[in-house]
Every structure is written in structure tokens, then in C-alpha cells.
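Note sheet for the following structure.
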Amino acid sequence: MPKVTHYKWYLYPTILLFVALTFSVTALLFYQWILAVVGYVVILLLGVLYYYIQSNYRKELGQYISTLSHRVNRAGEEAVTNLPVGIILYDQNYNIQWVNPYIHDLLPEEYLGQPLSIISSELPILLEDKNQEHRLKLGDLEHYVYERPNERLLYFFDMTETVETKERYNEEKTVIGIIFLDNYDEVTQSLEDQVTSSLRNKVVGLLNQWANEHDILLRSTDDDRFVAVFNQRALSEIETNQFQIIDQIREETSKDQVSLTLSIGIGTGERTMRELGSLAQSSLDLALGRGGDQVAIKEKSGQVRFYGGKTNAVEKRTRVRARVISHALRDFVRESNQVIVMGHKTPDMDAIGASIGVLKVAEVNDKDAYIVVDNENVSPDVQKLMDEVENHEYLWSRFISPAEALEQLTKQTLLVVVDTHKPSLVIEPKLLERVHRVVVLDHHRRGEEFIENPALVYMEPYASSASELVTELLEYQPNKVKMDALEATAMLAGMMVDTKHFSIRTGSRTFEAASYLKANGADTTAVQLLLKEDLENYNERSKLISRSVIYGNGMAIARGEEGQSYHQVLIAQAADTLLTMNDVRASFVISYRSDGRLSVSARSLGDVNVQVIMEKLGGGGHLTNAATQMDDTTLLEAESMLKEAIDQYLGGTSK
């Protein structure tokens, strides 16, 4: 019996009591010896009684501990042999030394001294990991393996039922989708009521058929809007077939000489219906901002997956929104004491032209405005325009550096960002942090990265250029706009560069905006002079194009030479030129830029969505015009990544 049970703290008070009693009786012996003798007898009897009680206590305690130890040993043996937990002891060479009956059933007859790999070839690999908890599948059963390296011991817990329950729970998670007919109002405004009703019935019938196939609850909330409630299992099934409902709606309605496109925003991963609905609406906004005719699926983590987006954004024939945005911009300008306009890094002709247009909006509302430009980081194709601006005394006084812009900020400053919506691409990100009111004017398809909390956003992917958007805003300013030839010419040059001289991404409103600029003094001859290139650039571009090859079905890929760098503009021009070749559906040019970064420029005529392909590589842009930049990547690695992204696009989704 353990020694600790012999000497407990309560023994000491008892001994002290006996000692005190003995001294008391001894003292009594000098006065009343008879009473003292009686006292000694009583002390003796108490001592005998105490000894008897203490002996019985120890005996019973020993029997209790012995019984308890036996029961614990029996329970341990039962646990080792009968519980559904596998136990393996192994030596320093990872050979099996002992197993319990549970794991014995999973092993061959001869297992002692055999390596752990006879259980599973994955087990030795898992044990090399520093993590002491692993997941391993043995046959049809899922196991969690807990490793105790100091004891060279493994525990196997059968978690099959738990894993199946978790998978079932994940499959049953609620998903909310918002379905929107992108151009329903545009298409039906000129149709008779009977034709409109027939068209909508066809669309509703197709949507109901799709919902029934995938067990989706579908309800219409408006003529062009539906709400869908389903689960994660149904979402996985729909993702497997790449949301064919989008193509089906477009193809079936086009048979009636009208082509309706569909956008779907889906929210998943949240616990509450309110949060799921908010995610779904945010996803729909993202899909529409990218031009519509696609699906955006946003998870709680912020990760977004895209499907579709195979067609160009449809030009809006109504100018109502342009007029509303123009008046809203006017109000923001009037409420400010100054306006600062900023484009993207290494601004192109469109960014400069759009910035000048916003400058005119501020002028017509009697407010000072300044354009932020880093003169040390201007592309060669814009340098000619900047040289002309330097000779224009007033216009040149409106251009300031990023440092000057930061110095003259006030609480009432309005910041207008043009030709981009990504904070990482603006000339001076600090301006976004320090200005409370920001307006975004852009024609690119919306990406996941976006400027936080803008006061006003005007994004129209159908537009040819940011200069076109700003020109329309100028047209709807209440006060008459006065422009000189250089200002109008710069804006027209921005439109011509982005449309490749009105050959791509050009709608009727593009020509209307160009006509407005022409009427205000734009000089097409001056534009041609601004866009002229020198012979050296032409030869370098031709050399880059000569290294192109055709990959797959009409994908032209040109890879530059190691150690050779080109300006971003030249890389983009090479992609444009490649696209003019026979049987080329999309062109990609890979090369190092002058700043040392690796660049990929992509172009297409609309048959291939190069934006989706570039997003796989971390970039973005338009359906027909996109790009990306990479760091710490070789040309061969970039080419391999590009080919993989092309293969994924041709076979599936963008993630």
C-alpha cells in the first residue's frame, strides 16, 4: 500500500492530543494519584481503540485500492482489445512491433517486423510531417491517426461516420442565388406586349426546367429578376456542367431574333439567410460589372469563382444612367473645394484623355482641378501628347506630381479615379487613403480588387474607353462646355487608341461621343501625328512577332528572348498585330518589361474571353483586351502557366 496512505495530516493533531492528555494526567498525579491512575487507564484504552480503528482503516483502504487497480487494469485491457481504436507500436526503423486486435484485422497474417507501409503506402509519408494528427483512408473507412513519436505509438480512430456526417452537412448548406436578365428592358421596350409575354414565358419555362432538374426553389421577384434557393450539392452539380443555362437562354432567345443574356450572383458559406442574400447581391453586382452574361459565386472567405462571360457587354441604348451620373458628379464637384484626377500607373492615352475630360467637368462648375501624373513614368506613346501639353500654358499648370497632390489635400477634396478601379494600379495609393470622397469612372470589367467605399461608381464595360464615358458626362453638364483643340484631340486620341481606330469594341455611342469631340475642335490629323511610331519600335515589334507559334485551336503565343526587355506598349502592340493574322482567335505576347517585370498581353476578337485567362494568372482587363504582370518568373514558366490557363479556359471554369 502506498506510504502516503499511512501518514496523513490528520494523524498529527491526534498524537498531539494524546501527548497533551498524558502531561495533564501526569500533573494530576501530584495532587490526586487515584484520579491520575484512572486517567492512565483511559489513555491506554483510547490508544488501543485508536490502533484498532487505524488498522481496520488501512486494511479496508488496501482492499479498495487493490480492487480498484484490478478494475482499472481490466478496463485498460478491454479498451485495448475491444474498443474500435487501433493501436500500433513501432521501432526506430518504423517496423511494426505490436498491434491490438482492432488494427490486427486490417493486417496480413505476417505483420510483426514489417514496415508501416503494409498498412498504407501513405502512412510513412504522413509520419514525416511534423503534424502529429493525420487523416488516412483504410479501405472504405476514414481514420484519424494520432502519432506519439516519443513512445513510437500510433492511435487509429474510425471517423467514417463523423466524416460522412460532415460531408452531408456541407452538402446540405443553404445557397442563395439572384438571377437577372441583363438586357430584358433594352430588348422588350420596342416589342409588342404579346411578343414580350411570349419571350418571358420561354425564359421562365427554361429556368423552371433547370430548377426542377437540380432541385432548386425558384421564385420571380420582377419581370427580369428571380431568386433561387438550393443547397451546396445542387451547386456542385451545376458547376460541373459549367452553368449551361446561361448559354441555353442566350441560344434559345436568339432564335426569336432577340438575344437575352443572363447573369447570376450566388452567395455561399454564410450561416444566416441575410448574409447569404448580401453575398448573392454582391456577386451579382460583380457579374454585371464584368459585362454580364456570366455567373459569379462568392464565398464567405471572399474567394470568387466565375463562369460564362463568353460574349461582349451589350451596349446600352438608353442614356438615362449617363445623365443621372453626370448630374451626380456635378453635385459632388460643387460640394468640393478642389478636384484631383488620377489614372493608373504608366498612364496611356485613354487615361490622360479621360483625366482632361474630368478637368473640364470641374471647370464648367467653377472648381479648381488637377491631374496627377508621374512624369518619370510615362509611356512613349503618351510622351508626344505630354510634349504638346507642356506647350499649352494653362493645361500644363493643371498637371501635378503625386507628392504635390498629397501636399495640397484638404477635407473637401474630391478624388476622381479614371480608367481603373483597382487600388494597386493607381498612380498614388496614398491619395485613396487620405481622401474621404472618391469617384470611380472606368470601362473595364470589374475584378475582385476594388476601391473601398467609393462615393460614386460609373462602370460600363460596354463602353469603348474611359474617354467615351467622360465625354458623355460632359455632354450632360447643365452649363455649356468650352474646349480647345488640344483638350478635345487628347480625348479623341484616347478613344481611338482603345478602339484601334474604331475597329473593335465600338458601338453607336462611341461614334456619337467622337462626333461631340469633333464638333468641339478635335483634330483627327493631330491624332494621327500623336499616334505615330518610330521605325526602331516597328522593327522591335516585328522581331517579337516573329517568335510566335500557334498553340491549340488558333491561340498565337509569342515569347520574347531571355535578357531582352520591351516597353509595355510595344508588347501590347505586338499582341494587336498578331490578332490580325489568319486563323488566330486570340494572341498572347510574353516578354520582360523595361522595369524588369514579366508581362503578358492578351487580345481576342470576342470569340475567346482573354480576361478570364489573364485572371487565372493574376491579371484582368476586358473580354477582348487583358494583361497581367509577374515577378520572380521566367519566360518558360510563364508560357507553361499561360498554356495551362488556356487549357482550363477551353475546358471549364475560371477560378
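Letters A, B, ... go to the chains of the C-alpha cells in the order shown; residues in each chain start at 1; ligands are counted from 1 in the same order.
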If we count only C-alpha atoms, what is near Leu469 (chain A) at a cut-off of 8 Å, once residues fewer than 5 positions away on the same chain are taken out, given as a VMD selection string?
chain A and resid 441 to 443 460 463
Okay, now the selection with N, CA and C atoms, as a PDB file, in the first residue's frame?
```
ATOM      1  N   LEU A 441     -14.549  56.171 -62.329  1.00  0.00           N
ATOM      2  CA  LEU A 441     -15.064  56.172 -63.701  1.00  0.00           C
ATOM      3  C   LEU A 441     -14.210  55.207 -64.513  1.00  0.00           C
ATOM      4  N   ASP A 442     -14.786  54.079 -64.922  1.00  0.00           N
ATOM      5  CA  ASP A 442     -13.976  53.058 -65.577  1.00  0.00           C
ATOM      6  C   ASP A 442     -14.811  52.279 -66.581  1.00  0.00           C
ATOM      7  N   HIS A 443     -14.133  51.741 -67.597  1.00  0.00           N
ATOM      8  CA  HIS A 443     -14.831  50.944 -68.612  1.00  0.00           C
ATOM      9  C   HIS A 443     -14.370  49.493 -68.607  1.00  0.00           C
ATOM     10  N   GLU A 460     -18.999  50.999 -66.955  1.00  0.00           N
ATOM     11  CA  GLU A 460     -19.769  50.482 -68.085  1.00  0.00           C
ATOM     12  C   GLU A 460     -18.847  49.689 -69.009  1.00  0.00           C
ATOM     13  N   ALA A 463     -18.634  50.295 -72.845  1.00  0.00           N
ATOM     14  CA  ALA A 463     -18.012  51.486 -73.421  1.00  0.00           C
ATOM     15  C   ALA A 463     -16.648  51.146 -74.011  1.00  0.00           C
TER      16      ALA A 463
END
```
Region 251-491 of chain A: residues DSSP assigns to strand (DSSP E or B), reported as number ranges by chain:
A: 262-268, 294-299, 304-308, 338-342, 344, 368-372, 399-400, 413-418, 426, 437-442, 456-459
Identify all residues of region 420-535 of chain A in alpha helix (DSSP H) (DSSP on the backbone) and supply them as JSON, numbers by chain.
{"A": [429, 430, 431, 432, 433, 434, 466, 467, 468, 469, 470, 471, 472, 473, 474, 475, 485, 486, 487, 488, 489, 490, 491, 492, 493, 494, 495, 496, 497, 498, 508, 509, 510, 511, 512, 513, 514, 515, 516, 517, 518, 519, 524, 525, 526, 527, 528, 529, 530, 535]}
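Take CA of Leu425 (chain A) and CA of Val439 (chain A): the distance between them is 15.4 Å.
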Please list as a PDB file with N, CA and C atoms, in the first residue's frame every residue within 6 Å of Gly86 (chain A), counting only C-alpha atoms and excluding residues in the same chain fewer than 5 positions away.
```pdb
ATOM      1  N   TYR A 102      -7.977  -4.613 -32.902  1.00  0.00           N
ATOM      2  CA  TYR A 102      -8.718  -3.820 -33.888  1.00  0.00           C
ATOM      3  C   TYR A 102      -7.906  -3.644 -35.171  1.00  0.00           C
ATOM      4  N   ILE A 103      -6.655  -3.239 -35.013  1.00  0.00           N
ATOM      5  CA  ILE A 103      -5.834  -2.994 -36.197  1.00  0.00           C
ATOM      6  C   ILE A 103      -5.342  -4.310 -36.794  1.00  0.00           C
ATOM      7  N   TYR A 155      -2.251   5.845 -32.749  1.00  0.00           N
ATOM      8  CA  TYR A 155      -3.651   5.555 -32.452  1.00  0.00           C
ATOM      9  C   TYR A 155      -4.465   5.771 -33.720  1.00  0.00           C
ATOM     10  N   PHE A 156      -5.346   4.829 -34.037  1.00  0.00           N
ATOM     11  CA  PHE A 156      -6.216   4.918 -35.210  1.00  0.00           C
ATOM     12  C   PHE A 156      -7.673   5.001 -34.724  1.00  0.00           C
TER      13      PHE A 156
END
```
Name the residues in contact with Pro124 (chain A) at a cut-off of 9 Å, using only C-alpha atoms, excluding same-chain residues fewer than 5 positions from it; report them as a PDB file with N, CA and C atoms, in the first residue's frame.
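Here's the written file selection.pdb:
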```pdb
ATOM      1  N   TYR A  94      10.633   2.201 -38.010  1.00  0.00           N
ATOM      2  CA  TYR A  94       9.236   2.223 -38.444  1.00  0.00           C
ATOM      3  C   TYR A  94       8.744   0.832 -38.858  1.00  0.00           C
ATOM      4  N   PRO A 115       7.303  -3.257 -42.275  1.00  0.00           N
ATOM      5  CA  PRO A 115       7.222  -1.785 -42.252  1.00  0.00           C
ATOM      6  C   PRO A 115       5.770  -1.310 -42.171  1.00  0.00           C
ATOM      7  N   LEU A 116       5.606  -0.071 -41.718  1.00  0.00           N
ATOM      8  CA  LEU A 116       4.257   0.501 -41.588  1.00  0.00           C
ATOM      9  C   LEU A 116       3.565   0.645 -42.934  1.00  0.00           C
ATOM     10  N   SER A 117       4.314   0.614 -44.008  1.00  0.00           N
ATOM     11  CA  SER A 117       3.725   0.779 -45.337  1.00  0.00           C
ATOM     12  C   SER A 117       2.793  -0.360 -45.716  1.00  0.00           C
TER      13      SER A 117
END
```
Please build the interface table for region 340-359 of chain A against region 489-496 of chain A with a cut-off of 8 Å, listing for each qualifying residue the nearest atom pair and the distance in Å to one decimal; count only C-alpha atoms, order rows by chain and increasing number, and write it as a Markdown table.
```
| residue | atom | partner | partner_atom | distance |
| --- | --- | --- | --- | --- |
| A:Asp348 | CA | A:Gly494 | CA | 7.8 |
| A:Met349 | CA | A:Gly494 | CA | 4.6 |
| A:Asp350 | CA | A:Gly494 | CA | 3.6 |
| A:Ala351 | CA | A:Gly494 | CA | 7.2 |
| A:Ile352 | CA | A:Ala490 | CA | 7.4 |
| A:Gly353 | CA | A:Met491 | CA | 4.0 |
| A:Ala354 | CA | A:Met491 | CA | 6.3 |
| A:Ile356 | CA | A:Met491 | CA | 7.3 |
| A:Gly357 | CA | A:Met491 | CA | 7.0 |
```
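The residue that comes closest to Leu136 (chain A), out of A:Thr524, A:Glu122, A:Pro149, A:Glu109 and on the basis of only C-alpha atoms, is A:Glu122.
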Restricting the calculation to only C-alpha atoms, which member of A:Ser546, A:Ser594, A:Asn537, A:Gln189 is positioned closest to Gln573 (chain A)?
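Checking each candidate against Gln573 (chain A), we get A:Asn537 as the closest.
Put simply, CA of Asp583 (chain A) is 28.9 Å away from CA of Ile249 (chain A).
Using only C-alpha atoms, the shortest contact distance between Glu335 (chain A) and any of A:Leu642, A:Met630, A:Ala362, A:Ile65 is found at A:Ala362.
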Excluding Ile264 (chain A) and any residue of its chain fewer than 2 positions from it, enumerate the residues within 9 Å of it, using only C-alpha atoms, and give them as an MDAnalysis selection string.
chainID A and resid 177:181 246 262 266 280 283:284 287:288 292:297
